[in-house]
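**Student:** Following this message is one structure expressed as C-alpha cells.
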Amino acid sequence: MKNAIARQTTFLFLSSMLLIACGKTDVPNPNFPNKPATNTSNIIPIGIAFAQTSNVALLGQEGTDGVKLAEKYFNHKGGINGRPIKLVFQDTGGDEAGAINAFKSLINQDKVVGIVGPTLSQQAFGANPIAERNRVPVIGASNTAKGIPEIGDYVARVSSSVAVVAPYSVKAALQQNPQIKKVAVFYAQNDAFNKSETEIFQKTVKDLGLNLVTVQKFQTTDTDFQAQASDAINLKPDLVIISGLAVDGGNLVKQLRELGYKGLIIGGNGFNTSHIFSVCRALCEGVIVAQAYSPVYPSEINKAFRKAYVEQYQREPPQVSAQAFAAMQVYVEALQSLDKKSKVSNLTLAQLRTELNQELLKGTYQTPLGEIAFTPTGDVIQKEFYVAQLKMESNGVKGKFSFLNIK
Ligand code: 1QQ
C-alpha cells in the first residue's frame, strides 16, 4: 500500500575528487557544489524511458536534458551517501510498443532500481502496467492525463494533472480579452493526454459561461488542418483552444493564422516546448500556455538548475526539463533516506525496488518546481502554477515563453 506521510530528507556531503560511474574523470561544474560521490564500484542505475526518436522526440529531448543535469548535480553532491547514480537510457519512440520495449529492457536487462518516463500519457497507459507487474517504481515526469497514478501502486508522477493546470490558461485569456464569448476547441483524438485535456478545457469553457461553438478533431500525425480550421473560422470564434502535441499543434496554429484567424489561441501541455518555435515560427506569436514551472521560482535548487541549464543550452529551462530533474531528485532523496535506515547495498534488487517505492511516496521535496509531495495514489501535490505566452523575435526563428501576471 502507498503511504503519504510527509517526511524531510537530509543530505550527507562527501568531499573528494569525483570519478563517475563509467570510470572517466568528470569535468567539474562550477554551478554544482563539488562534494562528489566516490564509491564508483557500486553505482545505482536509474532507468530513463523518453522518446529520443519519432515526432515525440521534441518533447522527449527536454526530459533528457533535465535528467542529465540532475545526474551531474546529485553525483557532485555525494550521490546516495557516497554511491553515484547512473542514468540508463532506452528510447521509447513515440508509441506504446516502443515504451513497452524500453520498460522491459530497463527492468530485465539493465536491472534499474526505478524508471523515469515515459514521455506521453498514451505510452504510460501501455508501459506502466509492465513496471507494476514487475514491482518497479515509475515516476512520470511529463504524464498529465487523468488516471496515470491510478495505474498501480508503483506508479507516481511529478507532472501535475491537466485537471489542475489547464484552467489557468483560459482565465489568462479572459484577462487579456474580457470580450471573449465564442470558443472553438480542437483536440487530437488518438492520444490519451489530449483527450483528457480537452475534457478539462471544454468543462472550463462551460463553467465560465462561454459559448463552445465547435469541437474539431484531428490526429497527432496529421499535417493538413485546412478543413477543421476553415469550419471553425466560419463560426467566428474569439478564442481557439488546442490540445495536440508539438508538431501537429504548431502546424494547426500556423494554418489557422494563414487562413486569417486573428483571435487568441491557447495551446495545451503539448505546446510546452521551445521546439514548437521552429514549427509555427512567427505565427506562434501570442499563443498562451499554462505552466507547472517558472524559471524564476526563488529557491536555491532552482537557481542552481536554471544557471546550469542556461549555461548549457543558452535559453531558459522549459517545464518538462524541470519536471524530469524533479523526478530524479525524488529518487535520489528517497534512496538517501532509505539508505540511512537500511543500507541499500544490503538489499536484493527486488527488495530495493519495493522499499524505494514506499519511501519515495513519504517524502516532501524542495525541487525546482517548488515544494512537492505525493498523494497516497502517487499523484503530485504542487502549489504554484503559471501561464506564459509565446513571444517570437522579428526574424520568426527564435522565441521565448514570456510569463504573465495572473492573479
Ligand atoms: C502527456 C503530456 C505530454 C504533452 C507531455 C510531453 O502531457 O502525454 O501527458
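Just remember, in the C-alpha cells the first chain shown is A, the second B, etc., residues are 1-based per chain, and ligands are 1-based in the order shown.
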All residues within 8 Å of ligand 1 are required, counting only C-alpha atoms and all ligand atoms; please report them as an MDAnalysis selection string.
**Tutor:** chainID A and resid 56 59:60 119:123 142:145 159 162 191:194 244:246 268:272 320
**Student:** Find the spatial neighbours of stretch 375-379 of chain A, counting only C-alpha atoms, within a cut-off of 10 Å - ignore same-chain residues fewer than 3 positions away - and output them as a PyMOL selection string.
**Tutor:** chain A and resi 1-6+138-140+144+147-161+357+360-362+382
**Student:** Near stretch 109-117 of chain A, within 6 Å and counting only C-alpha atoms, which residues show up once chain neighbours fewer than 5 positions away are dropped, as an MDAnalysis selection string?
**Tutor:** chainID A and resid 45:50 136:141 353
**Student:** With all heavy atoms retained, could you export that selection as a PDB file, in the first residue's frame?
**Tutor:**
```pdb
ATOM      1  N   PRO A  45      21.749   2.221 -10.758  1.00  0.00           N
ATOM      2  CA  PRO A  45      21.198   2.545 -12.078  1.00  0.00           C
ATOM      3  C   PRO A  45      19.729   2.974 -12.025  1.00  0.00           C
ATOM      4  O   PRO A  45      18.894   2.288 -11.442  1.00  0.00           O
ATOM      5  CB  PRO A  45      21.340   1.227 -12.848  1.00  0.00           C
ATOM      6  CG  PRO A  45      21.319   0.161 -11.801  1.00  0.00           C
ATOM      7  CD  PRO A  45      21.783   0.764 -10.497  1.00  0.00           C
ATOM      8  N   ILE A  46      19.441   4.122 -12.629  1.00  0.00           N
ATOM      9  CA  ILE A  46      18.060   4.609 -12.736  1.00  0.00           C
ATOM     10  C   ILE A  46      17.694   4.658 -14.220  1.00  0.00           C
ATOM     11  O   ILE A  46      18.449   5.202 -15.032  1.00  0.00           O
ATOM     12  CB  ILE A  46      17.918   5.989 -12.061  1.00  0.00           C
ATOM     13  CG1 ILE A  46      18.233   5.850 -10.556  1.00  0.00           C
ATOM     14  CG2 ILE A  46      16.511   6.570 -12.275  1.00  0.00           C
ATOM     15  CD1 ILE A  46      18.199   7.116  -9.761  1.00  0.00           C
ATOM     16  N   GLY A  47      16.565   4.059 -14.562  1.00  0.00           N
ATOM     17  CA  GLY A  47      16.174   3.927 -15.966  1.00  0.00           C
ATOM     18  C   GLY A  47      15.464   5.165 -16.481  1.00  0.00           C
ATOM     19  O   GLY A  47      14.606   5.727 -15.797  1.00  0.00           O
ATOM     20  N   ILE A  48      15.804   5.582 -17.688  1.00  0.00           N
ATOM     21  CA  ILE A  48      15.165   6.738 -18.316  1.00  0.00           C
ATOM     22  C   ILE A  48      14.512   6.264 -19.611  1.00  0.00           C
ATOM     23  O   ILE A  48      15.204   5.825 -20.537  1.00  0.00           O
ATOM     24  CB  ILE A  48      16.187   7.857 -18.640  1.00  0.00           C
ATOM     25  CG1 ILE A  48      17.033   8.211 -17.404  1.00  0.00           C
ATOM     26  CG2 ILE A  48      15.468   9.072 -19.214  1.00  0.00           C
ATOM     27  CD1 ILE A  48      16.257   8.777 -16.235  1.00  0.00           C
ATOM     28  N   ALA A  49      13.188   6.365 -19.667  1.00  0.00           N
ATOM     29  CA  ALA A  49      12.442   5.923 -20.847  1.00  0.00           C
ATOM     30  C   ALA A  49      11.763   7.133 -21.488  1.00  0.00           C
ATOM     31  O   ALA A  49      10.608   7.449 -21.185  1.00  0.00           O
ATOM     32  CB  ALA A  49      11.393   4.879 -20.442  1.00  0.00           C
ATOM     33  N   PHE A  50      12.514   7.840 -22.334  1.00  0.00           N
ATOM     34  CA  PHE A  50      11.966   9.010 -23.030  1.00  0.00           C
ATOM     35  C   PHE A  50      12.026   8.781 -24.540  1.00  0.00           C
ATOM     36  O   PHE A  50      12.835   7.973 -25.018  1.00  0.00           O
ATOM     37  CB  PHE A  50      12.761  10.273 -22.692  1.00  0.00           C
ATOM     38  CG  PHE A  50      12.517  10.829 -21.313  1.00  0.00           C
ATOM     39  CD1 PHE A  50      13.542  11.427 -20.605  1.00  0.00           C
ATOM     40  CD2 PHE A  50      11.252  10.781 -20.725  1.00  0.00           C
ATOM     41  CE1 PHE A  50      13.339  11.956 -19.334  1.00  0.00           C
ATOM     42  CE2 PHE A  50      11.031  11.303 -19.452  1.00  0.00           C
ATOM     43  CZ  PHE A  50      12.078  11.891 -18.765  1.00  0.00           C
ATOM     44  N   VAL A 136       8.421  -2.481 -10.061  1.00  0.00           N
ATOM     45  CA  VAL A 136       9.486  -1.492 -10.280  1.00  0.00           C
ATOM     46  C   VAL A 136       8.847  -0.104 -10.248  1.00  0.00           C
ATOM     47  O   VAL A 136       7.893   0.150 -10.985  1.00  0.00           O
ATOM     48  CB  VAL A 136      10.155  -1.714 -11.659  1.00  0.00           C
ATOM     49  CG1 VAL A 136      11.228  -0.654 -11.916  1.00  0.00           C
ATOM     50  CG2 VAL A 136      10.745  -3.111 -11.739  1.00  0.00           C
ATOM     51  N   PRO A 137       9.360   0.797  -9.387  1.00  0.00           N
ATOM     52  CA  PRO A 137       8.747   2.127  -9.331  1.00  0.00           C
ATOM     53  C   PRO A 137       8.908   2.915 -10.632  1.00  0.00           C
ATOM     54  O   PRO A 137       9.945   2.811 -11.293  1.00  0.00           O
ATOM     55  CB  PRO A 137       9.486   2.829  -8.190  1.00  0.00           C
ATOM     56  CG  PRO A 137      10.570   1.936  -7.740  1.00  0.00           C
ATOM     57  CD  PRO A 137      10.412   0.603  -8.386  1.00  0.00           C
ATOM     58  N   VAL A 138       7.861   3.652 -10.986  1.00  0.00           N
ATOM     59  CA  VAL A 138       7.900   4.539 -12.153  1.00  0.00           C
ATOM     60  C   VAL A 138       7.495   5.927 -11.682  1.00  0.00           C
ATOM     61  O   VAL A 138       6.488   6.066 -10.983  1.00  0.00           O
ATOM     62  CB  VAL A 138       6.851   4.133 -13.215  1.00  0.00           C
ATOM     63  CG1 VAL A 138       6.966   5.033 -14.452  1.00  0.00           C
ATOM     64  CG2 VAL A 138       6.980   2.690 -13.605  1.00  0.00           C
ATOM     65  N   ILE A 139       8.272   6.935 -12.072  1.00  0.00           N
ATOM     66  CA  ILE A 139       7.846   8.317 -11.835  1.00  0.00           C
ATOM     67  C   ILE A 139       7.645   8.978 -13.193  1.00  0.00           C
ATOM     68  O   ILE A 139       8.586   9.090 -13.985  1.00  0.00           O
ATOM     69  CB  ILE A 139       8.869   9.113 -10.996  1.00  0.00           C
ATOM     70  CG1 ILE A 139       9.120   8.428  -9.657  1.00  0.00           C
ATOM     71  CG2 ILE A 139       8.369  10.538 -10.783  1.00  0.00           C
ATOM     72  CD1 ILE A 139      10.136   9.130  -8.769  1.00  0.00           C
ATOM     73  N   GLY A 140       6.425   9.374 -13.480  1.00  0.00           N
ATOM     74  CA  GLY A 140       6.136  10.114 -14.711  1.00  0.00           C
ATOM     75  C   GLY A 140       6.610  11.540 -14.536  1.00  0.00           C
ATOM     76  O   GLY A 140       6.325  12.183 -13.531  1.00  0.00           O
ATOM     77  N   ALA A 141       7.363  12.022 -15.538  1.00  0.00           N
ATOM     78  CA  ALA A 141       7.854  13.404 -15.472  1.00  0.00           C
ATOM     79  C   ALA A 141       7.070  14.308 -16.413  1.00  0.00           C
ATOM     80  O   ALA A 141       7.193  15.520 -16.344  1.00  0.00           O
ATOM     81  CB  ALA A 141       9.331  13.454 -15.815  1.00  0.00           C
ATOM     82  N   ARG A 353      13.679  -2.194  -4.945  1.00  0.00           N
ATOM     83  CA  ARG A 353      12.621  -1.582  -5.761  1.00  0.00           C
ATOM     84  C   ARG A 353      11.364  -1.346  -4.929  1.00  0.00           C
ATOM     85  O   ARG A 353      10.754  -0.275  -4.990  1.00  0.00           O
ATOM     86  CB  ARG A 353      12.305  -2.503  -6.952  1.00  0.00           C
ATOM     87  CG  ARG A 353      13.389  -2.461  -8.045  1.00  0.00           C
ATOM     88  CD  ARG A 353      13.234  -3.609  -9.017  1.00  0.00           C
ATOM     89  NE  ARG A 353      13.996  -3.430 -10.247  1.00  0.00           N
ATOM     90  CZ  ARG A 353      14.092  -4.356 -11.197  1.00  0.00           C
ATOM     91  NH1 ARG A 353      13.476  -5.526 -11.060  1.00  0.00           N
ATOM     92  NH2 ARG A 353      14.795  -4.123 -12.288  1.00  0.00           N
TER      93      ARG A 353
END
```
**Student:** In Å, rounded to a single decimal, give me how far atom CA of A:Val253 is from atom CA of A:Val287.
**Tutor:**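 A separation of 8.5 Å between them.
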**Student:** Using DSSP on the backbone coordinates, identify the residues of stretch 216-267 of chain A assigned to strand (DSSP E or B); present them as a PyMOL selection string.
**Tutor:** chain A and resi 216-218+239-243+264-267
**Student:** Going by DSSP on the backbone, which residues of stretch 231-289 of chain A come out as helix (DSSP H, G or I)? List them as a PyMOL selection string.
**Tutor:** chain A and resi 231-234+246-258+269-271+274-284
**Student:** Near A:Ile301, counting only C-alpha atoms, which residues have an atom at most 10 Å away, once you skip same-chain residues fewer than 5 positions from it, shown as a PyMOL selection string?
**Tutor:** chain A and resi 32+73+306-307+366-370
**Student:** Write out as a list in words which residues come within 10 Å of A:Thr214 when counting only C-alpha atoms, dropping same-chain ones fewer than 6 positions away.
**Tutor:**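 So the residues in contact are Lys182, Val183, Ala184, Val185, Phe186, Gln228, Asp231, Ala232, Ile233, Leu235, Pro237 and Val240 of chain A.
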**Student:** Output all heavy atoms for every residue in that selection, as a CSV table (one decimal), in the first residue's frame.
**Tutor:**
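Written output follows (selection.csv):
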```csv
chain,number,residue,atom,x,y,z
A,182,LYS,N,-17.2,33.4,-27.8
A,182,LYS,CA,-17.3,32.2,-28.6
A,182,LYS,C,-16.0,31.4,-28.7
A,182,LYS,O,-14.9,32.0,-29.0
A,182,LYS,CB,-17.8,32.5,-30.1
A,182,LYS,CG,-19.2,33.0,-30.1
A,182,LYS,CD,-19.8,32.9,-31.5
A,182,LYS,CE,-19.7,34.2,-32.3
A,182,LYS,NZ,-20.2,34.0,-33.7
A,183,VAL,N,-16.0,30.2,-28.3
A,183,VAL,CA,-14.8,29.4,-28.2
A,183,VAL,C,-14.8,28.2,-29.1
A,183,VAL,O,-15.8,27.4,-29.1
A,183,VAL,CB,-14.5,29.0,-26.7
A,183,VAL,CG1,-13.2,28.2,-26.6
A,183,VAL,CG2,-14.6,30.1,-25.8
A,184,ALA,N,-13.7,28.0,-29.9
A,184,ALA,CA,-13.6,26.8,-30.7
A,184,ALA,C,-12.5,25.9,-30.1
A,184,ALA,O,-11.4,26.4,-29.7
A,184,ALA,CB,-13.2,27.1,-32.1
A,185,VAL,N,-12.8,24.6,-29.9
A,185,VAL,CA,-11.9,23.7,-29.3
A,185,VAL,C,-11.4,22.7,-30.3
A,185,VAL,O,-12.2,22.1,-31.1
A,185,VAL,CB,-12.5,23.0,-28.1
A,185,VAL,CG1,-11.7,21.8,-27.6
A,185,VAL,CG2,-12.7,24.0,-26.9
A,186,PHE,N,-10.1,22.4,-30.4
A,186,PHE,CA,-9.5,21.4,-31.2
A,186,PHE,C,-8.8,20.3,-30.4
A,186,PHE,O,-8.2,20.7,-29.4
A,186,PHE,CB,-8.5,22.0,-32.2
A,186,PHE,CG,-9.0,22.9,-33.2
A,186,PHE,CD1,-9.5,24.1,-32.9
A,186,PHE,CD2,-9.0,22.5,-34.6
A,186,PHE,CE1,-10.0,25.0,-33.9
A,186,PHE,CE2,-9.4,23.3,-35.6
A,186,PHE,CZ,-9.9,24.6,-35.3
A,228,GLN,N,-10.7,21.4,-40.9
A,228,GLN,CA,-11.1,21.7,-39.5
A,228,GLN,C,-11.0,23.2,-39.2
A,228,GLN,O,-11.8,23.8,-38.6
A,228,GLN,CB,-10.4,20.9,-38.4
A,228,GLN,CG,-10.5,19.4,-38.5
A,228,GLN,CD,-9.3,18.8,-39.3
A,228,GLN,OE1,-8.9,19.3,-40.3
A,228,GLN,NE2,-8.9,17.7,-38.8
A,231,ASP,N,-13.7,25.2,-41.0
A,231,ASP,CA,-15.0,25.0,-40.3
A,231,ASP,C,-15.1,25.9,-39.1
A,231,ASP,O,-16.1,26.5,-38.8
A,231,ASP,CB,-15.2,23.6,-39.9
A,231,ASP,CG,-15.6,22.7,-41.0
A,231,ASP,OD1,-15.8,23.2,-42.1
A,231,ASP,OD2,-15.7,21.5,-40.8
A,232,ALA,N,-14.0,25.9,-38.3
A,232,ALA,CA,-14.1,26.7,-37.0
A,232,ALA,C,-14.1,28.2,-37.3
A,232,ALA,O,-14.9,28.9,-36.7
A,232,ALA,CB,-12.9,26.3,-36.2
A,233,ILE,N,-13.3,28.6,-38.2
A,233,ILE,CA,-13.2,30.1,-38.5
A,233,ILE,C,-14.5,30.6,-39.0
A,233,ILE,O,-14.9,31.7,-38.7
A,233,ILE,CB,-12.1,30.4,-39.5
A,233,ILE,CG1,-10.7,30.1,-38.9
A,233,ILE,CG2,-12.1,31.8,-40.1
A,233,ILE,CD1,-9.5,30.1,-39.8
A,235,LEU,N,-17.3,30.0,-37.9
A,235,LEU,CA,-18.2,30.2,-36.8
A,235,LEU,C,-17.7,31.5,-36.0
A,235,LEU,O,-18.3,31.8,-34.9
A,235,LEU,CB,-18.2,29.0,-35.9
A,235,LEU,CG,-18.8,27.7,-36.5
A,235,LEU,CD1,-18.5,26.5,-35.7
A,235,LEU,CD2,-20.3,27.9,-36.8
A,237,PRO,N,-15.0,32.4,-34.0
A,237,PRO,CA,-14.6,32.3,-32.5
A,237,PRO,C,-13.8,33.4,-32.1
A,237,PRO,O,-13.0,34.0,-32.9
A,237,PRO,CB,-13.9,31.0,-32.5
A,237,PRO,CG,-13.3,30.8,-33.8
A,237,PRO,CD,-14.3,31.4,-34.8
A,240,VAL,N,-9.5,30.2,-29.6
A,240,VAL,CA,-9.3,28.8,-30.1
A,240,VAL,C,-8.4,28.1,-29.0
A,240,VAL,O,-7.4,28.7,-28.6
A,240,VAL,CB,-8.6,28.8,-31.5
A,240,VAL,CG1,-8.1,27.4,-31.7
A,240,VAL,CG2,-9.6,29.2,-32.5
```
**Student:** Return the single residue from A:Asn134, A:Thr364, A:Asn395, A:Ser274 that is closest to A:Ala350, with distances computed using only C-alpha atoms.
**Tutor:**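 Using only C-alpha atoms, the shortest distance to A:Ala350 belongs to A:Asn134.
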**Student:** Write out as a PDB file with C-alpha atoms, in the first residue's frame the residues lying within 6 Å of A:Pro84, counting only C-alpha atoms and excluding same-chain residues fewer than 4 positions away.
**Tutor:**
```pdb
ATOM      1  CA  ALA A  37      30.235  10.681  -4.827  1.00  0.00           C
ATOM      2  CA  ILE A  43      26.659   2.640  -8.851  1.00  0.00           C
ATOM      3  CA  ASN A  75      26.508  12.988  -8.042  1.00  0.00           C
ATOM      4  CA  GLY A  79      25.074  10.717  -4.730  1.00  0.00           C
TER       5      GLY A  79
END
```
